[in-house]
>>> print(open('data33.cif').read())   # mmCIF, C-alpha atoms, pLDDT in the B column; chains and numbers go by the auth columns
data_coords
#
loop_
_atom_site.group_PDB
_atom_site.id
_atom_site.type_symbol
_atom_site.label_atom_id
_atom_site.label_comp_id
_atom_site.label_asym_id
_atom_site.label_seq_id
_atom_site.Cartn_x
_atom_site.Cartn_y
_atom_site.Cartn_z
_atom_site.B_iso_or_equiv
_atom_site.auth_seq_id
_atom_site.auth_asym_id
ATOM 1 C CA MET A 1 85.327 146.874 35.694 87.00 68 A
ATOM 2 C CA GLU A 2 84.073 145.991 32.235 93.00 69 A
ATOM 3 C CA PHE A 3 80.603 144.965 31.148 95.00 70 A
ATOM 4 C CA ARG A 4 79.889 143.156 27.908 96.00 71 A
ATOM 5 C CA ALA A 5 76.954 142.352 25.705 97.00 72 A
ATOM 6 C CA GLN A 6 77.064 140.525 22.414 97.00 73 A
ATOM 7 C CA ALA A 7 74.643 139.705 19.652 97.00 74 A
ATOM 8 C CA ARG A 8 75.693 136.741 17.572 98.00 75 A
ATOM 9 C CA TYR A 9 74.497 135.594 14.149 98.00 76 A
ATOM 10 C CA MET A 10 72.904 138.911 13.184 97.00 77 A
ATOM 11 C CA ARG A 11 71.649 138.881 9.577 97.00 78 A
ATOM 12 C CA VAL A 12 73.470 142.042 8.537 97.00 79 A
ATOM 13 C CA SER A 13 76.808 142.462 6.849 97.00 80 A
ATOM 14 C CA PRO A 14 79.643 143.321 9.249 97.00 81 A
ATOM 15 C CA GLN A 15 80.575 146.293 7.048 96.00 82 A
ATOM 16 C CA LYS A 16 77.157 147.914 7.598 96.00 83 A
ATOM 17 C CA ALA A 17 77.311 147.178 11.313 97.00 84 A
ATOM 18 C CA ARG A 18 80.736 148.851 11.527 97.00 85 A
ATOM 19 C CA LEU A 19 79.336 151.974 9.858 96.00 86 A
ATOM 20 C CA VAL A 20 76.784 152.308 12.650 96.00 87 A
ATOM 21 C CA LEU A 21 79.324 151.464 15.376 96.00 88 A
ATOM 22 C CA ASP A 22 81.658 154.184 14.067 95.00 89 A
ATOM 23 C CA LEU A 23 78.669 156.594 14.037 91.00 90 A
ATOM 24 C CA THR A 24 79.203 157.270 10.344 91.00 91 A
ATOM 25 C CA PHE A 25 75.634 156.278 9.461 91.00 92 A
ATOM 26 C CA THR A 26 72.873 155.863 12.003 89.00 93 A
ATOM 27 C CA ASN A 27 69.907 155.451 9.667 93.00 94 A
ATOM 28 C CA LYS A 28 70.653 151.791 8.926 94.00 95 A
ATOM 29 C CA ARG A 29 68.396 148.885 9.927 95.00 96 A
ATOM 30 C CA VAL A 30 71.075 147.498 12.263 96.00 97 A
ATOM 31 C CA ALA A 31 71.043 150.703 14.372 96.00 98 A
ATOM 32 C CA ALA A 32 68.048 149.442 16.350 95.00 99 A
ATOM 33 C CA THR A 33 69.862 146.192 17.123 96.00 100 A
ATOM 34 C CA ILE A 34 72.991 148.024 18.256 96.00 101 A
ATOM 35 C CA HIS A 35 70.892 150.326 20.455 96.00 102 A
ATOM 36 C CA LYS A 36 69.276 147.266 22.030 97.00 103 A
ATOM 37 C CA LEU A 37 72.717 145.724 22.559 97.00 104 A
ATOM 38 C CA LEU A 38 74.011 148.909 24.213 96.00 105 A
ATOM 39 C CA ARG A 39 71.024 148.950 26.570 97.00 106 A
ATOM 40 C CA SER A 40 71.711 145.308 27.392 97.00 107 A
ATOM 41 C CA ALA A 41 75.305 146.123 28.356 97.00 108 A
ATOM 42 C CA VAL A 42 74.094 148.956 30.603 96.00 109 A
ATOM 43 C CA GLU A 43 71.546 146.618 32.205 96.00 110 A
ATOM 44 C CA ASN A 44 74.303 144.070 32.791 95.00 111 A
ATOM 45 C CA ALA A 45 76.207 146.748 34.709 95.00 112 A
ATOM 46 C CA ASN A 46 73.050 147.737 36.586 94.00 113 A
ATOM 47 C CA TYR A 47 72.388 144.098 37.520 94.00 114 A
ATOM 48 C CA LEU A 48 75.890 143.646 38.895 92.00 115 A
ATOM 49 C CA SER A 49 75.643 146.848 40.910 92.00 116 A
ATOM 50 C CA SER A 50 72.263 146.005 42.477 92.00 117 A
ATOM 51 C CA GLU A 51 72.262 142.221 42.797 92.00 118 A
ATOM 52 C CA LYS A 52 75.915 141.282 43.171 88.00 119 A
ATOM 53 C CA GLY A 53 76.969 144.249 45.290 87.00 120 A
ATOM 54 C CA VAL A 54 79.578 145.574 42.854 88.00 121 A
ATOM 55 C CA ASP A 55 80.086 149.326 43.202 90.00 122 A
ATOM 56 C CA VAL A 56 79.298 150.718 39.725 91.00 123 A
ATOM 57 C CA ASP A 57 78.309 154.251 38.784 92.00 124 A
ATOM 58 C CA ILE A 58 76.018 153.817 35.777 92.00 125 A
ATOM 59 C CA ASP A 59 76.389 157.465 34.762 93.00 126 A
ATOM 60 C CA SER A 60 80.152 157.175 34.342 94.00 127 A
ATOM 61 C CA LEU A 61 80.098 154.274 31.857 95.00 128 A
ATOM 62 C CA TYR A 62 81.569 154.696 28.382 96.00 129 A
ATOM 63 C CA VAL A 63 81.945 152.448 25.362 96.00 130 A
ATOM 64 C CA LYS A 64 85.411 150.972 25.625 96.00 131 A
ATOM 65 C CA ARG A 65 85.163 148.675 22.625 96.00 132 A
ATOM 66 C CA ALA A 66 82.579 148.079 19.911 97.00 133 A
ATOM 67 C CA VAL A 67 83.309 145.382 17.342 97.00 134 A
ATOM 68 C CA ALA A 68 81.452 143.798 14.436 97.00 135 A
ATOM 69 C CA ASN A 69 83.117 140.555 13.359 97.00 136 A
ATOM 70 C CA ASP A 70 82.350 138.168 10.530 97.00 137 A
ATOM 71 C CA GLY A 71 80.132 135.203 11.192 97.00 138 A
ATOM 72 C CA PRO A 72 79.469 132.215 8.981 98.00 139 A
ATOM 73 C CA ARG A 73 78.476 133.007 5.415 97.00 140 A
ATOM 74 C CA LEU A 74 75.375 131.689 3.713 97.00 141 A
ATOM 75 C CA LYS A 75 76.089 130.754 0.104 98.00 142 A
ATOM 76 C CA ARG A 76 73.075 131.195 -2.156 97.00 143 A
ATOM 77 C CA ILE A 77 72.321 130.763 -5.853 98.00 144 A
ATOM 78 C CA ARG A 78 70.352 133.185 -8.019 98.00 145 A
ATOM 79 C CA PRO A 79 68.904 131.984 -11.321 97.00 146 A
ATOM 80 C CA ALA A 80 70.493 133.535 -14.398 97.00 147 A
ATOM 81 C CA PRO A 81 69.524 133.568 -18.064 97.00 148 A
ATOM 82 C CA MET A 82 70.063 130.552 -20.325 97.00 149 A
ATOM 83 C CA GLY A 83 69.899 128.009 -17.505 97.00 150 A
ATOM 84 C CA ARG A 84 72.914 129.339 -15.649 98.00 151 A
ATOM 85 C CA ALA A 85 73.178 130.358 -12.003 97.00 152 A
ATOM 86 C CA PHE A 86 74.957 133.164 -10.181 97.00 153 A
ATOM 87 C CA ARG A 87 76.348 132.535 -6.713 97.00 154 A
ATOM 88 C CA TYR A 88 76.171 135.177 -4.013 97.00 155 A
ATOM 89 C CA VAL A 89 76.984 135.336 -0.311 97.00 156 A
ATOM 90 C CA ARG A 90 74.743 136.431 2.542 97.00 157 A
ATOM 91 C CA ARG A 91 76.916 137.761 5.336 98.00 158 A
ATOM 92 C CA ILE A 92 76.332 137.402 9.082 98.00 159 A
ATOM 93 C CA ALA A 93 77.844 139.519 11.861 98.00 160 A
ATOM 94 C CA HIS A 94 78.755 138.981 15.497 98.00 161 A
ATOM 95 C CA ILE A 95 78.437 142.356 17.271 98.00 162 A
ATOM 96 C CA GLU A 96 80.059 142.950 20.654 97.00 163 A
ATOM 97 C CA ILE A 97 79.965 146.039 22.899 97.00 164 A
ATOM 98 C CA GLU A 98 82.111 146.463 25.991 97.00 165 A
ATOM 99 C CA LEU A 99 81.521 149.209 28.554 97.00 166 A
ATOM 100 C CA ALA A 100 83.975 150.432 31.176 96.00 167 A
ATOM 101 C CA GLU A 101 83.729 152.870 34.061 94.00 168 A
ATOM 102 C CA ARG A 102 85.527 156.220 34.157 91.00 169 A
ATOM 103 C CA GLY A 103 87.205 157.383 37.353 82.00 170 A
ATOM 104 C CA LYS A 104 86.429 160.634 39.128 70.00 171 A
ATOM 105 C CA SER A 105 89.243 162.428 37.314 68.00 172 A
ATOM 106 C CA GLY A 106 87.877 161.342 33.916 69.00 173 A
ATOM 107 C CA GLU A 107 90.383 158.584 33.272 73.00 174 A
ATOM 108 C CA SER A 108 89.368 154.985 32.810 68.00 175 A
ATOM 109 C CA VAL A 109 89.381 152.754 35.863 67.00 176 A
ATOM 110 C CA ALA A 110 89.979 149.587 33.840 57.00 177 A
ATOM 111 C CA THR A 111 93.509 148.305 33.829 52.00 178 A
ATOM 112 C CA VAL A 112 95.403 148.453 30.576 48.00 179 A
ATOM 113 C CA VAL A 113 97.391 145.304 29.889 49.00 180 A
ATOM 114 C CA ALA A 114 99.806 146.656 27.288 50.00 181 A
ATOM 115 C CA ARG A 115 100.206 150.273 26.280 48.00 182 A
ATOM 116 C CA GLU A 116 102.364 151.748 23.531 49.00 183 A
ATOM 117 C CA LYS A 117 105.018 154.232 24.554 51.00 184 A
ATOM 118 C CA ALA A 118 103.880 157.800 24.041 51.00 185 A
ATOM 119 C CA THR A 119 107.044 158.818 22.214 52.00 186 A
ATOM 120 C CA GLY A 120 105.213 159.032 18.902 52.00 187 A
ATOM 121 C CA LYS A 121 107.833 156.927 17.134 51.00 188 A
ATOM 122 C CA THR A 122 107.184 153.436 15.934 49.00 189 A
ATOM 123 C CA PRO A 123 109.610 150.791 17.122 50.00 190 A
ATOM 124 C CA ALA A 124 112.407 149.918 14.740 50.00 191 A
ATOM 125 C CA ARG A 125 111.487 146.823 12.804 50.00 192 A
ATOM 126 C CA VAL A 126 113.842 144.495 11.112 48.00 193 A
ATOM 127 C CA LYS A 127 112.969 144.339 7.441 51.00 194 A
ATOM 128 C CA ALA A 128 113.625 141.113 5.652 53.00 195 A
ATOM 129 C CA LYS A 129 115.260 141.395 2.270 54.00 196 A
ATOM 130 C CA ARG A 130 112.858 140.582 -0.494 58.00 197 A
ATOM 131 C CA LYS A 131 113.892 138.753 -3.582 58.00 198 A
ATOM 132 C CA ALA A 132 113.623 140.640 -6.829 55.00 199 A
ATOM 133 C CA PRO A 133 110.742 139.323 -8.913 59.00 200 A
ATOM 134 C CA ALA A 134 111.821 136.993 -11.662 62.00 201 A
ATOM 135 C CA GLY A 135 111.518 138.391 -15.164 62.00 202 A
ATOM 136 C CA LYS A 136 108.981 136.939 -17.569 59.00 203 A
ATOM 137 C CA LYS A 137 110.198 134.065 -19.659 58.00 204 A
ATOM 138 C CA LYS A 138 109.626 134.280 -23.346 60.00 205 A
ATOM 139 C CA VAL A 139 107.676 131.425 -24.831 63.00 206 A
ATOM 140 C CA GLY A 140 109.728 129.381 -27.255 63.00 207 A
ATOM 141 C CA ALA A 141 113.035 131.112 -26.495 57.00 208 A
ATOM 142 C CA ARG A 142 115.767 128.731 -25.414 59.00 209 A
ATOM 143 C CA LYS A 143 119.335 129.366 -24.375 53.00 210 A
#
>>> encode(input="data33.cif", output="structure tokens")
Amino acid sequence: MEFRAQARYMRVSPQKARLVLDLTFTNKRVAATIHKLLRSAVENANYLSSEKGVDVDIDSLYVKRAVANDGPRLKRIRPAPMGRAFRYVRRIAHIEIELAERGKSGESVATVVAREKATGKTPARVKAKRKAPAGKKKVGARK
């Protein structure tokens, strides 16, 4: 069984949120938000186990998926010298964490919809022939 929690319209760039989700940097401002989101997902699992009667072992939960997607962008203008203006973009992220439960043997209990074959080879793909780029035309030269 999977348990989700999501925080939408967070005022942080998705790139910085992904750094924290990948555990590359944990001293970012968004780390507190992601910690709160992770606790919310665990509490969602705890609620289902106690109130709804779903059999969930809280200690065997793991993070199955953690995603930081782009949200809408806020376009702003910064004053520049000589009466001009510079445009810049404030980015917004939608952060989503999904927890799943491990089985007793350590494997995930959640069903996998589609799984790649473990042969290690990528499937043969049909490559379309690409046209050769056209050469540059000389200005003023006629045939």
>>> atom_distance(input="data33.cif", atom1="atom CA of A:Gly138", atom2="atom CA of A:Leu90")
21.6 Å
>>> resolve_selection(input="data33.cif", expression="the PyMOL selection byres ((chain A and resi 75) around 8)", output="VMD selection string")
chain A and resid 73 to 74 76 to 77 138 160 to 162
>>> closest_residue(input="data33.cif", among="A:Val97, A:Ala133, A:Val156, A:Ala167", to="A:Phe70", atoms="all atoms listed in the file")
A:Ala167
>>> closest_residue(input="data33.cif", among="A:Arg154, A:Lys171, A:Arg85, A:Arg96", to="A:Arg132", atoms="only C-alpha atoms")
A:Arg85
>>> resolve_selection(input="data33.cif", expression="the PyMOL selection byres ((chain A and resi 69) around 10)", output="PDB file with C-alpha atoms, in the coordinates of the input")
ATOM      1  CA  MET A  68      85.327 146.874  35.694  1.00 87.00           C
ATOM      2  CA  PHE A  70      80.603 144.965  31.148  1.00 95.00           C
ATOM      3  CA  ARG A  71      79.889 143.156  27.908  1.00 96.00           C
ATOM      4  CA  ALA A 108      75.305 146.123  28.356  1.00 97.00           C
ATOM      5  CA  ASN A 111      74.303 144.070  32.791  1.00 95.00           C
ATOM      6  CA  ALA A 112      76.207 146.748  34.709  1.00 95.00           C
ATOM      7  CA  LEU A 128      80.098 154.274  31.857  1.00 95.00           C
ATOM      8  CA  TYR A 129      81.569 154.696  28.382  1.00 96.00           C
ATOM      9  CA  VAL A 130      81.945 152.448  25.362  1.00 96.00           C
ATOM     10  CA  LYS A 131      85.411 150.972  25.625  1.00 96.00           C
ATOM     11  CA  GLU A 165      82.111 146.463  25.991  1.00 97.00           C
ATOM     12  CA  LEU A 166      81.521 149.209  28.554  1.00 97.00           C
ATOM     13  CA  ALA A 167      83.975 150.432  31.176  1.00 96.00           C
ATOM     14  CA  GLU A 168      83.729 152.870  34.061  1.00 94.00           C
ATOM     15  CA  VAL A 176      89.381 152.754  35.863  1.00 67.00           C
ATOM     16  CA  ALA A 177      89.979 149.587  33.840  1.00 57.00           C
ATOM     17  CA  THR A 178      93.509 148.305  33.829  1.00 52.00           C
TER      18      THR A 178
END
>>> atom_distance(input="data33.cif", atom1="atom CA of A:Glu174", atom2="atom CA of A:Gly120")
23.0 Å
>>> build_atoms(input="data33.cif", residues="stretch 97-112 of chain A", atoms="N, CA and C atoms", output="PDB file, keeping the file's coordinate frame")
ATOM      1  N   VAL A  97      70.366 148.115  11.146  1.00 96.00           N
ATOM      2  CA  VAL A  97      71.075 147.498  12.263  1.00 96.00           C
ATOM      3  C   VAL A  97      71.211 148.452  13.458  1.00 96.00           C
ATOM      4  N   ALA A  98      70.910 149.732  13.280  1.00 96.00           N
ATOM      5  CA  ALA A  98      71.043 150.703  14.372  1.00 96.00           C
ATOM      6  C   ALA A  98      70.135 150.351  15.547  1.00 96.00           C
ATOM      7  N   ALA A  99      68.958 149.837  15.269  1.00 95.00           N
ATOM      8  CA  ALA A  99      68.048 149.442  16.350  1.00 95.00           C
ATOM      9  C   ALA A  99      68.621 148.266  17.138  1.00 95.00           C
ATOM     10  N   THR A 100      69.252 147.340  16.453  1.00 96.00           N
ATOM     11  CA  THR A 100      69.862 146.192  17.123  1.00 96.00           C
ATOM     12  C   THR A 100      71.027 146.627  17.991  1.00 96.00           C
ATOM     13  N   ILE A 101      71.839 147.545  17.492  1.00 96.00           N
ATOM     14  CA  ILE A 101      72.991 148.024  18.256  1.00 96.00           C
ATOM     15  C   ILE A 101      72.529 148.831  19.469  1.00 96.00           C
ATOM     16  N   HIS A 102      71.445 149.590  19.317  1.00 96.00           N
ATOM     17  CA  HIS A 102      70.892 150.326  20.455  1.00 96.00           C
ATOM     18  C   HIS A 102      70.406 149.351  21.525  1.00 96.00           C
ATOM     19  N   LYS A 103      69.746 148.281  21.097  1.00 97.00           N
ATOM     20  CA  LYS A 103      69.276 147.266  22.030  1.00 97.00           C
ATOM     21  C   LYS A 103      70.448 146.584  22.732  1.00 97.00           C
ATOM     22  N   LEU A 104      71.524 146.356  21.999  1.00 97.00           N
ATOM     23  CA  LEU A 104      72.717 145.724  22.559  1.00 97.00           C
ATOM     24  C   LEU A 104      73.396 146.645  23.578  1.00 97.00           C
ATOM     25  N   LEU A 105      73.435 147.941  23.280  1.00 96.00           N
ATOM     26  CA  LEU A 105      74.011 148.909  24.213  1.00 96.00           C
ATOM     27  C   LEU A 105      73.196 148.975  25.496  1.00 96.00           C
ATOM     28  N   ARG A 106      71.878 148.959  25.372  1.00 97.00           N
ATOM     29  CA  ARG A 106      71.024 148.950  26.570  1.00 97.00           C
ATOM     30  C   ARG A 106      71.222 147.680  27.384  1.00 97.00           C
ATOM     31  N   SER A 107      71.463 146.567  26.696  1.00 97.00           N
ATOM     32  CA  SER A 107      71.711 145.308  27.392  1.00 97.00           C
ATOM     33  C   SER A 107      73.002 145.366  28.188  1.00 97.00           C
ATOM     34  N   ALA A 108      74.040 145.988  27.629  1.00 97.00           N
ATOM     35  CA  ALA A 108      75.305 146.123  28.356  1.00 97.00           C
ATOM     36  C   ALA A 108      75.134 147.013  29.583  1.00 97.00           C
ATOM     37  N   VAL A 109      74.353 148.073  29.452  1.00 96.00           N
ATOM     38  CA  VAL A 109      74.094 148.956  30.603  1.00 96.00           C
ATOM     39  C   VAL A 109      73.291 148.209  31.666  1.00 96.00           C
ATOM     40  N   GLU A 110      72.329 147.404  31.247  1.00 96.00           N
ATOM     41  CA  GLU A 110      71.546 146.618  32.205  1.00 96.00           C
ATOM     42  C   GLU A 110      72.392 145.544  32.881  1.00 96.00           C
ATOM     43  N   ASN A 111      73.385 145.011  32.158  1.00 95.00           N
ATOM     44  CA  ASN A 111      74.303 144.070  32.791  1.00 95.00           C
ATOM     45  C   ASN A 111      75.080 144.755  33.918  1.00 95.00           C
ATOM     46  N   ALA A 112      75.507 145.992  33.672  1.00 95.00           N
ATOM     47  CA  ALA A 112      76.207 146.748  34.709  1.00 95.00           C
ATOM     48  C   ALA A 112      75.263 147.067  35.871  1.00 95.00           C
TER      49      ALA A 112
END
